[in-house]
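Structure file model_0.pdb; described as PDB, C-alpha atoms, pLDDT in the B column.
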```pdb
ATOM      1  CA  ALA P 164      93.309 165.932 267.496  1.00 72.00           C
ATOM      2  CA  GLN P 165      95.657 164.102 265.201  1.00 79.00           C
ATOM      3  CA  SER P 166      99.303 163.781 266.158  1.00 88.00           C
ATOM      4  CA  VAL P 167     102.423 161.898 265.157  1.00 93.00           C
ATOM      5  CA  THR P 168     105.132 160.512 267.438  1.00 95.00           C
ATOM      6  CA  GLN P 169     108.469 159.277 266.193  1.00 96.00           C
ATOM      7  CA  LEU P 170     110.195 157.137 268.778  1.00 93.00           C
ATOM      8  CA  GLY P 171     113.885 157.950 268.935  1.00 92.00           C
ATOM      9  CA  SER P 172     115.316 161.231 267.722  1.00 94.00           C
ATOM     10  CA  HIS P 173     118.549 159.489 266.711  1.00 96.00           C
ATOM     11  CA  VAL P 174     119.038 155.959 265.377  1.00 97.00           C
ATOM     12  CA  SER P 175     122.431 154.499 264.571  1.00 98.00           C
ATOM     13  CA  VAL P 176     122.977 151.332 262.514  1.00 97.00           C
ATOM     14  CA  SER P 177     125.906 149.666 260.833  1.00 97.00           C
ATOM     15  CA  GLU P 178     126.120 149.539 257.071  1.00 97.00           C
ATOM     16  CA  GLY P 179     124.250 146.443 255.883  1.00 97.00           C
ATOM     17  CA  ALA P 180     122.096 146.217 259.013  1.00 98.00           C
ATOM     18  CA  LEU P 181     118.326 146.486 259.232  1.00 98.00           C
ATOM     19  CA  VAL P 182     116.889 149.980 259.474  1.00 98.00           C
ATOM     20  CA  LEU P 183     113.777 150.438 261.624  1.00 98.00           C
ATOM     21  CA  LEU P 184     112.335 153.893 262.228  1.00 98.00           C
ATOM     22  CA  ARG P 185     109.234 154.011 264.382  1.00 98.00           C
ATOM     23  CA  CYS P 186     106.147 156.135 263.874  1.00 97.00           C
ATOM     24  CA  ASN P 187     102.904 156.097 265.831  1.00 96.00           C
ATOM     25  CA  TYR P 188      99.904 158.278 265.174  1.00 93.00           C
ATOM     26  CA  SER P 189      96.709 159.245 266.887  1.00 90.00           C
ATOM     27  CA  SER P 190      93.649 159.822 264.784  1.00 79.00           C
ATOM     28  CA  SER P 191      89.909 159.449 265.194  1.00 73.00           C
ATOM     29  CA  VAL P 192      89.559 158.275 261.589  1.00 75.00           C
ATOM     30  CA  PRO P 193      91.772 156.132 259.368  1.00 73.00           C
ATOM     31  CA  PRO P 194      94.622 158.427 258.405  1.00 83.00           C
ATOM     32  CA  TYR P 195      96.694 158.960 255.347  1.00 90.00           C
ATOM     33  CA  LEU P 196     100.354 158.475 256.254  1.00 93.00           C
ATOM     34  CA  PHE P 197     103.590 159.641 254.709  1.00 95.00           C
ATOM     35  CA  TRP P 198     107.337 159.184 255.179  1.00 97.00           C
ATOM     36  CA  TYR P 199     109.695 161.888 253.939  1.00 97.00           C
ATOM     37  CA  VAL P 200     113.503 162.041 253.908  1.00 97.00           C
ATOM     38  CA  GLN P 201     115.615 165.176 254.262  1.00 96.00           C
ATOM     39  CA  TYR P 202     119.305 165.435 253.479  1.00 94.00           C
ATOM     40  CA  PRO P 203     121.295 168.245 255.131  1.00 89.00           C
ATOM     41  CA  ASN P 204     120.250 171.744 254.081  1.00 85.00           C
ATOM     42  CA  GLN P 205     117.754 170.424 251.540  1.00 90.00           C
ATOM     43  CA  GLY P 206     114.002 170.126 251.191  1.00 92.00           C
ATOM     44  CA  LEU P 207     111.985 167.008 251.927  1.00 95.00           C
ATOM     45  CA  GLN P 208     111.499 164.164 249.466  1.00 96.00           C
ATOM     46  CA  LEU P 209     108.670 161.647 249.617  1.00 96.00           C
ATOM     47  CA  LEU P 210     109.761 158.085 250.378  1.00 97.00           C
ATOM     48  CA  LEU P 211     106.329 156.472 250.413  1.00 97.00           C
ATOM     49  CA  LYS P 212     102.731 156.975 251.457  1.00 94.00           C
ATOM     50  CA  TYR P 213      99.727 154.983 252.574  1.00 93.00           C
ATOM     51  CA  THR P 214      96.255 156.046 251.533  1.00 88.00           C
ATOM     52  CA  THR P 215      94.087 152.948 251.061  1.00 85.00           C
ATOM     53  CA  GLY P 216      94.476 149.344 249.991  1.00 87.00           C
ATOM     54  CA  ALA P 217      97.513 147.206 250.688  1.00 90.00           C
ATOM     55  CA  THR P 218      98.915 147.944 254.118  1.00 91.00           C
ATOM     56  CA  LEU P 219     102.513 147.163 253.140  1.00 96.00           C
ATOM     57  CA  VAL P 220     103.769 150.061 251.075  1.00 96.00           C
ATOM     58  CA  LYS P 221     106.992 150.045 249.089  1.00 97.00           C
ATOM     59  CA  GLY P 222     108.863 153.239 248.400  1.00 96.00           C
ATOM     60  CA  ILE P 223     112.013 154.539 246.836  1.00 95.00           C
ATOM     61  CA  ASN P 224     115.566 153.502 247.734  1.00 94.00           C
ATOM     62  CA  GLY P 225     114.453 150.105 249.072  1.00 97.00           C
ATOM     63  CA  PHE P 226     112.337 151.443 251.932  1.00 98.00           C
ATOM     64  CA  GLU P 227     108.957 150.088 252.912  1.00 98.00           C
ATOM     65  CA  ALA P 228     106.421 150.704 255.660  1.00 98.00           C
ATOM     66  CA  GLU P 229     103.468 148.800 257.037  1.00 96.00           C
ATOM     67  CA  PHE P 230     100.254 150.399 258.227  1.00 94.00           C
ATOM     68  CA  LYS P 231      99.008 148.596 261.339  1.00 94.00           C
ATOM     69  CA  LYS P 232      95.681 149.988 262.419  1.00 91.00           C
ATOM     70  CA  SER P 233      95.521 147.922 265.627  1.00 91.00           C
ATOM     71  CA  GLU P 234      98.869 149.338 266.742  1.00 93.00           C
ATOM     72  CA  THR P 235      98.323 152.832 265.235  1.00 93.00           C
ATOM     73  CA  SER P 236     101.754 152.497 263.693  1.00 95.00           C
ATOM     74  CA  PHE P 237     103.485 153.117 260.386  1.00 96.00           C
ATOM     75  CA  HIS P 238     107.087 152.028 260.939  1.00 98.00           C
ATOM     76  CA  LEU P 239     109.664 152.487 258.181  1.00 98.00           C
ATOM     77  CA  THR P 240     112.097 149.673 257.379  1.00 98.00           C
ATOM     78  CA  LYS P 241     114.926 148.829 255.019  1.00 98.00           C
ATOM     79  CA  PRO P 242     116.591 145.412 255.067  1.00 97.00           C
ATOM     80  CA  SER P 243     120.145 146.635 254.523  1.00 97.00           C
ATOM     81  CA  ALA P 244     121.394 150.132 255.337  1.00 97.00           C
ATOM     82  CA  HIS P 245     123.636 152.005 252.958  1.00 97.00           C
ATOM     83  CA  MET P 246     125.868 154.944 253.811  1.00 96.00           C
ATOM     84  CA  SER P 247     123.753 157.131 251.543  1.00 96.00           C
ATOM     85  CA  ASP P 248     120.707 156.496 253.796  1.00 97.00           C
ATOM     86  CA  ALA P 249     122.135 158.793 256.456  1.00 97.00           C
ATOM     87  CA  ALA P 250     119.590 161.606 256.690  1.00 97.00           C
ATOM     88  CA  GLU P 251     116.646 162.856 258.723  1.00 97.00           C
ATOM     89  CA  TYR P 252     113.349 161.051 258.325  1.00 98.00           C
ATOM     90  CA  PHE P 253     109.908 162.480 258.995  1.00 97.00           C
ATOM     91  CA  CYS P 254     106.610 160.697 259.445  1.00 96.00           C
ATOM     92  CA  ALA P 255     103.483 162.721 258.691  1.00 94.00           C
ATOM     93  CA  VAL P 256      99.718 162.295 258.803  1.00 91.00           C
ATOM     94  CA  SER P 257      97.258 164.032 256.530  1.00 87.00           C
ATOM     95  CA  LEU P 258      94.293 165.731 258.120  1.00 73.00           C
ATOM     96  CA  HIS P 259      90.768 164.907 257.061  1.00 67.00           C
ATOM     97  CA  GLY P 260      87.936 167.338 256.605  1.00 63.00           C
ATOM     98  CA  SER P 261      87.191 169.956 253.977  1.00 57.00           C
ATOM     99  CA  SER P 262      88.831 172.741 255.935  1.00 59.00           C
ATOM    100  CA  ASN P 263      91.995 170.752 256.477  1.00 60.00           C
ATOM    101  CA  THR P 264      92.425 169.261 253.026  1.00 67.00           C
ATOM    102  CA  GLY P 265      96.050 168.673 252.242  1.00 76.00           C
ATOM    103  CA  LYS P 266      97.455 169.770 255.594  1.00 84.00           C
ATOM    104  CA  LEU P 267     100.134 167.560 257.102  1.00 89.00           C
ATOM    105  CA  ILE P 268     101.077 167.053 260.721  1.00 90.00           C
ATOM    106  CA  PHE P 269     104.738 166.051 261.046  1.00 93.00           C
ATOM    107  CA  GLY P 270     106.546 164.072 263.685  1.00 94.00           C
ATOM    108  CA  GLN P 271     109.665 165.507 265.283  1.00 94.00           C
ATOM    109  CA  GLY P 272     111.975 163.611 262.955  1.00 95.00           C
ATOM    110  CA  THR P 273     114.533 160.833 263.387  1.00 96.00           C
ATOM    111  CA  THR P 274     118.152 161.267 262.377  1.00 96.00           C
ATOM    112  CA  LEU P 275     119.591 158.072 260.928  1.00 97.00           C
ATOM    113  CA  GLN P 276     123.335 157.551 261.261  1.00 97.00           C
ATOM    114  CA  VAL P 277     124.954 154.760 259.252  1.00 97.00           C
ATOM    115  CA  LYS P 278     128.321 153.531 260.491  1.00 97.00           C
ATOM    116  CA  PRO P 279     130.811 151.896 258.156  1.00 95.00           C
TER     117      PRO P 279
ATOM    118  CA  ASP X 251     111.907 170.764 234.571  1.00 62.00           C
ATOM    119  CA  GLY X 252     108.943 170.995 236.902  1.00 69.00           C
ATOM    120  CA  GLY X 253     109.549 171.851 240.505  1.00 93.00           C
ATOM    121  CA  ILE X 254     109.578 174.357 243.319  1.00 96.00           C
ATOM    122  CA  THR X 255     112.162 177.067 243.682  1.00 96.00           C
ATOM    123  CA  GLN X 256     112.918 179.114 246.762  1.00 96.00           C
ATOM    124  CA  SER X 257     115.137 182.118 246.920  1.00 92.00           C
ATOM    125  CA  PRO X 258     117.449 183.108 248.354  1.00 92.00           C
ATOM    126  CA  LYS X 259     119.058 179.995 249.859  1.00 93.00           C
ATOM    127  CA  TYR X 260     120.639 182.018 252.668  1.00 94.00           C
ATOM    128  CA  LEU X 261     119.290 185.271 254.035  1.00 94.00           C
ATOM    129  CA  PHE X 262     120.584 187.544 256.736  1.00 93.00           C
ATOM    130  CA  ARG X 263     118.433 190.167 258.398  1.00 90.00           C
ATOM    131  CA  LYS X 264     118.962 192.783 261.030  1.00 91.00           C
ATOM    132  CA  GLU X 265     116.557 192.918 263.925  1.00 89.00           C
ATOM    133  CA  GLY X 266     113.551 195.122 263.207  1.00 88.00           C
ATOM    134  CA  GLN X 267     113.590 194.530 259.451  1.00 91.00           C
ATOM    135  CA  ASN X 268     110.933 192.801 257.411  1.00 94.00           C
ATOM    136  CA  VAL X 269     112.126 190.259 254.860  1.00 94.00           C
ATOM    137  CA  THR X 270     110.318 188.386 252.077  1.00 96.00           C
ATOM    138  CA  LEU X 271     111.074 184.817 251.076  1.00 97.00           C
ATOM    139  CA  SER X 272     110.212 183.754 247.557  1.00 97.00           C
ATOM    140  CA  CYS X 273     108.490 180.515 246.549  1.00 98.00           C
ATOM    141  CA  GLU X 274     107.582 179.657 242.959  1.00 97.00           C
ATOM    142  CA  GLN X 275     106.199 176.409 241.494  1.00 97.00           C
ATOM    143  CA  ASN X 276     105.565 175.302 237.928  1.00 96.00           C
ATOM    144  CA  LEU X 277     103.761 172.073 238.827  1.00 95.00           C
ATOM    145  CA  ASN X 278     100.309 173.616 238.291  1.00 94.00           C
ATOM    146  CA  HIS X 279      99.456 172.792 241.893  1.00 93.00           C
ATOM    147  CA  ASP X 280      96.502 174.487 243.551  1.00 92.00           C
ATOM    148  CA  ALA X 281      97.799 174.315 247.120  1.00 93.00           C
ATOM    149  CA  MET X 282     100.930 175.862 248.578  1.00 95.00           C
ATOM    150  CA  TYR X 283     102.349 175.758 252.091  1.00 95.00           C
ATOM    151  CA  TRP X 284     104.977 177.419 254.231  1.00 97.00           C
ATOM    152  CA  TYR X 285     106.714 175.541 257.038  1.00 97.00           C
ATOM    153  CA  ARG X 286     109.253 176.525 259.609  1.00 97.00           C
ATOM    154  CA  GLN X 287     111.865 173.967 260.712  1.00 95.00           C
ATOM    155  CA  ASP X 288     113.810 174.205 263.949  1.00 92.00           C
ATOM    156  CA  PRO X 289     116.187 171.511 265.230  1.00 84.00           C
ATOM    157  CA  GLY X 290     114.340 168.742 267.048  1.00 79.00           C
ATOM    158  CA  GLN X 291     110.888 170.194 266.366  1.00 82.00           C
ATOM    159  CA  GLY X 292     110.002 168.823 262.973  1.00 87.00           C
ATOM    160  CA  LEU X 293     108.081 171.049 260.577  1.00 94.00           C
ATOM    161  CA  ARG X 294     105.461 173.499 261.759  1.00 94.00           C
ATOM    162  CA  LEU X 295     102.891 175.001 259.413  1.00 94.00           C
ATOM    163  CA  ILE X 296     102.924 178.790 259.108  1.00 96.00           C
ATOM    164  CA  TYR X 297     100.389 179.503 256.350  1.00 96.00           C
ATOM    165  CA  TYR X 298      98.743 177.595 253.552  1.00 94.00           C
ATOM    166  CA  SER X 299      96.714 178.420 250.485  1.00 94.00           C
ATOM    167  CA  GLN X 300      94.394 176.115 248.579  1.00 91.00           C
ATOM    168  CA  ILE X 301      93.419 178.550 245.811  1.00 91.00           C
ATOM    169  CA  VAL X 302      94.524 181.876 244.424  1.00 94.00           C
ATOM    170  CA  ASN X 303      93.568 184.937 246.502  1.00 95.00           C
ATOM    171  CA  ASP X 304      92.831 182.815 249.560  1.00 94.00           C
ATOM    172  CA  PHE X 305      95.027 181.589 252.412  1.00 95.00           C
ATOM    173  CA  GLN X 306      94.680 180.365 255.988  1.00 93.00           C
ATOM    174  CA  LYS X 307      96.792 180.588 259.103  1.00 95.00           C
ATOM    175  CA  GLY X 308      98.641 177.536 260.231  1.00 93.00           C
ATOM    176  CA  ASP X 309      99.831 176.709 263.712  1.00 91.00           C
ATOM    177  CA  ILE X 310     102.450 179.460 264.058  1.00 95.00           C
ATOM    178  CA  ALA X 311     101.248 182.375 261.884  1.00 96.00           C
ATOM    179  CA  GLU X 312     102.029 185.185 264.322  1.00 96.00           C
ATOM    180  CA  GLY X 313     104.692 187.516 262.940  1.00 96.00           C
ATOM    181  CA  TYR X 314     104.314 186.249 259.378  1.00 97.00           C
ATOM    182  CA  SER X 315     102.249 187.309 256.363  1.00 97.00           C
ATOM    183  CA  VAL X 316     101.632 185.855 252.903  1.00 98.00           C
ATOM    184  CA  SER X 317      99.936 186.629 249.618  1.00 97.00           C
ATOM    185  CA  ARG X 318      98.640 184.426 246.804  1.00 97.00           C
ATOM    186  CA  GLU X 319      98.047 186.650 243.808  1.00 97.00           C
ATOM    187  CA  LYS X 320      99.177 184.056 241.282  1.00 96.00           C
ATOM    188  CA  LYS X 321      98.780 180.293 241.269  1.00 96.00           C
ATOM    189  CA  GLU X 322     102.509 179.714 240.909  1.00 97.00           C
ATOM    190  CA  SER X 323     103.724 182.122 243.606  1.00 98.00           C
ATOM    191  CA  PHE X 324     103.331 182.191 247.401  1.00 98.00           C
ATOM    192  CA  PRO X 325     105.765 184.660 249.025  1.00 98.00           C
ATOM    193  CA  LEU X 326     106.250 184.733 252.798  1.00 98.00           C
ATOM    194  CA  THR X 327     107.094 187.914 254.682  1.00 97.00           C
ATOM    195  CA  VAL X 328     108.777 187.590 258.042  1.00 96.00           C
ATOM    196  CA  THR X 329     107.903 190.761 259.920  1.00 94.00           C
ATOM    197  CA  SER X 330     109.658 192.478 262.786  1.00 89.00           C
ATOM    198  CA  ALA X 331     106.861 191.169 265.024  1.00 88.00           C
ATOM    199  CA  GLN X 332     108.255 187.627 264.753  1.00 88.00           C
ATOM    200  CA  LYS X 333     110.230 187.247 267.982  1.00 88.00           C
ATOM    201  CA  ASN X 334     112.555 184.439 266.956  1.00 90.00           C
ATOM    202  CA  PRO X 335     112.770 184.330 263.161  1.00 93.00           C
ATOM    203  CA  THR X 336     116.081 182.511 262.775  1.00 95.00           C
ATOM    204  CA  ALA X 337     115.125 179.158 261.211  1.00 95.00           C
ATOM    205  CA  PHE X 338     115.007 177.072 258.057  1.00 96.00           C
ATOM    206  CA  TYR X 339     111.923 177.866 255.964  1.00 97.00           C
ATOM    207  CA  LEU X 340     110.416 175.346 253.566  1.00 96.00           C
ATOM    208  CA  CYS X 341     107.802 175.914 250.909  1.00 97.00           C
ATOM    209  CA  ALA X 342     105.715 173.075 249.480  1.00 95.00           C
ATOM    210  CA  SER X 343     102.940 172.574 246.944  1.00 95.00           C
ATOM    211  CA  SER X 344     100.395 169.871 246.179  1.00 92.00           C
ATOM    212  CA  LEU X 345      97.170 169.151 244.363  1.00 88.00           C
ATOM    213  CA  ALA X 346      95.364 169.967 247.632  1.00 72.00           C
ATOM    214  CA  GLY X 347      93.740 166.617 248.320  1.00 74.00           C
ATOM    215  CA  SER X 348      94.283 164.769 251.581  1.00 70.00           C
ATOM    216  CA  THR X 349      96.074 161.940 249.785  1.00 78.00           C
ATOM    217  CA  ASP X 350      98.195 164.147 247.562  1.00 83.00           C
ATOM    218  CA  THR X 351     101.929 164.337 247.986  1.00 89.00           C
ATOM    219  CA  GLN X 352     103.448 167.632 249.018  1.00 92.00           C
ATOM    220  CA  TYR X 353     106.506 168.558 247.000  1.00 94.00           C
ATOM    221  CA  PHE X 354     109.104 170.648 248.773  1.00 95.00           C
ATOM    222  CA  GLY X 355     111.465 173.364 247.675  1.00 96.00           C
ATOM    223  CA  PRO X 356     115.135 173.431 248.733  1.00 95.00           C
ATOM    224  CA  GLY X 357     114.501 175.838 251.611  1.00 95.00           C
ATOM    225  CA  THR X 358     115.740 179.243 252.761  1.00 96.00           C
ATOM    226  CA  ARG X 359     117.882 179.596 255.863  1.00 95.00           C
ATOM    227  CA  LEU X 360     117.125 182.886 257.576  1.00 95.00           C
ATOM    228  CA  THR X 361     119.492 184.274 260.173  1.00 94.00           C
ATOM    229  CA  VAL X 362     118.738 187.369 262.200  1.00 91.00           C
ATOM    230  CA  LEU X 363     121.851 189.242 263.211  1.00 86.00           C
TER     231      LEU X 363
END
```
Translate this structure into structure tokens?
Amino acid sequence: AQSVTQLGSHVSVSEGALVLLRCNYSSSVPPYLFWYVQYPNQGLQLLLKYTTGATLVKGINGFEAEFKKSETSFHLTKPSAHMSDAAEYFCAVSLHGSSNTGKLIFGQGTTLQVKP
Amino acid sequence: DGGITQSPKYLFRKEGQNVTLSCEQNLNHDAMYWYRQDPGQGLRLIYYSQIVNDFQKGDIAEGYSVSREKKESFPLTVTSAQKNPTAFYLCASSLAGSTDTQYFGPGTRLTVL
């Protein structure tokens, strides 16, 4: 069964510091991977996704993630944190198979705090 | 503007009452989804629908029901059989492929009094 693990439910960084949010997955086939961001009391917004091709994926707001098959990871990074990056971040994997088309399995989420 | 709307944003219900949450999309998406969000648990799939007049149970369907009579609408009913309904409910839609992005509505916060 496919699953997603986000290491660290809370991450705190200083403004201007590197942001690193960790995501590991388990899957019997190469997965499709997504990162979403959620601001308080709002829906989720796609940051970036990996389907095929280049393993380094660039997204919105300066975020990027690298798919590493050997490590079963899809960590999210941003070189310099901004106060507006404070939010909850979710990693998700898309299920394969005709009966599961489009279904996502989400990690538990990581809350990013940015300190001035 | 294209998007997904959910109403109401806040909903209060007395124990033993059924309540229906609205979800409408004008993105011409085939697939629609309902998720429940609880603190520290991520999003859990309640029901999903890939085409009109068809839907499947997700991981936590007990105590919930849905209908998909129109492509743009996917209402969720929280029944009195749901033991712990207080949560944040999110609706999403997509083109239904495994690589397709799910687009989310703003959510409905349901509180049972």
If we count only C-alpha atoms and set the cut-off at 7 Å, which residues sit around range 166-174 of chain P, ignoring sequence neighbours fewer than 6 positions away in its own chain? Please answer as a PyMOL selection string.
chain P and resi 185-189+255-256+268-276
List the residues matched by the ChimeraX specification (/P :<8) & /X in the displayed structure as a VMD selection string, ordered by chain and then by residue number.
chain X and resid 281 290 to 294 340 344 to 357
At what distance in Å, to one decimal, does CA of Gln332 in chain X lie from CA of Ile310 in chain X?
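Interatomic distance, CA of Ile310 in chain X to CA of Gln332 in chain X: 10.0 Å.
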List the neighbours of Met246 in chain P out to 12 Å using all atoms listed in the file; skip same-chain residues closer than 3 positions along the sequence, and give me the result as a PDB file with C-alpha atoms, keeping the file's coordinate frame.
```
ATOM      1  CA  SER P 175     122.431 154.499 264.571  1.00 98.00           C
ATOM      2  CA  VAL P 176     122.977 151.332 262.514  1.00 97.00           C
ATOM      3  CA  SER P 177     125.906 149.666 260.833  1.00 97.00           C
ATOM      4  CA  GLU P 178     126.120 149.539 257.071  1.00 97.00           C
ATOM      5  CA  GLY P 179     124.250 146.443 255.883  1.00 97.00           C
ATOM      6  CA  ALA P 180     122.096 146.217 259.013  1.00 98.00           C
ATOM      7  CA  VAL P 182     116.889 149.980 259.474  1.00 98.00           C
ATOM      8  CA  SER P 243     120.145 146.635 254.523  1.00 97.00           C
ATOM      9  CA  ALA P 249     122.135 158.793 256.456  1.00 97.00           C
ATOM     10  CA  ALA P 250     119.590 161.606 256.690  1.00 97.00           C
ATOM     11  CA  LEU P 275     119.591 158.072 260.928  1.00 97.00           C
ATOM     12  CA  GLN P 276     123.335 157.551 261.261  1.00 97.00           C
ATOM     13  CA  VAL P 277     124.954 154.760 259.252  1.00 97.00           C
ATOM     14  CA  LYS P 278     128.321 153.531 260.491  1.00 97.00           C
ATOM     15  CA  PRO P 279     130.811 151.896 258.156  1.00 95.00           C
TER      16      PRO P 279
END
```
Residue with the minimum atom-to-atom distance to Gln287 in chain X, picked from X:Arg318, X:Lys333, X:Arg263, X:Arg359 with all atoms listed in the file counted, is X:Arg359
Selected residue, from P:Val192, P:Trp198, P:Gly222, P:Ala164, that lies nearest to His238 in chain P when counting all atoms listed in the file
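Answer, going by the shortest atom-to-atom distance: P:Trp198.
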Would you compute, for all listed atoms of range 205-219 of chain P, the axis-aligned bounding box grown by 5 Å on each side, and then report its centre and edge lengths in Å rounded to one decimal, as JSON?
```
{"center_x": 105.9, "center_y": 158.8, "center_z": 251.8, "size_x": 33.7, "size_y": 33.3, "size_z": 14.7}
```
To verify the selection step, state as a PyMOL selection string which residues the PyMOL selection byres ((chain X and resi 299-302) around 6) yields on this input.
chain X and resi 280-282+298+303-305+318-319+321
Hey, which of X:Phe262, X:Phe324, X:Tyr283, X:Tyr314 ends up closest to Ser343 in chain X? Count all atoms listed in the file.
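Of the candidates, the smallest distance to Ser343 in chain X is held by X:Tyr283.
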From the list X:Arg286, X:Ala342, X:Leu277, X:Thr270, which residue is nearest Ser257 in chain X when using all atoms listed in the file?
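Closest to Ser257 in chain X of all the choices is X:Thr270.
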re CA of Val200 in chain P and CA of Ala228 in chain P: distance 13.5 Å
Between CA of Glu312 in chain X and CA of Tyr285 in chain X, what is the distance in Å, rounded to a tenth?
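One can read the CA of Glu312 in chain X to CA of Tyr285 in chain X distance as 13.0 Å.
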Got a sec to resolve the PyMOL selection byres ((chain X and resi 360-362) around 10) on this structure and send the residues as a list in words?
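Applied to this file, the PyMOL selection byres ((chain X and resi 360-362) around 10) returns Pro258, Lys259, Tyr260, Leu261, Phe262, Arg263, Lys264, Glu265, Gly266, Gln267, Val269, Leu271, Val328, Asn334, Pro335, Thr336, Ala337, Phe338, Tyr339, Gly357, Thr358, Arg359 and Leu363 of chain X.
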Go through X:Asn268, X:Ser323, X:Thr329, X:Ser317 and flag the residue nearest Ile254 in chain X, using only C-alpha atoms for the distances.
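The shortest atom-to-atom distance to Ile254 in chain X comes from X:Ser323.
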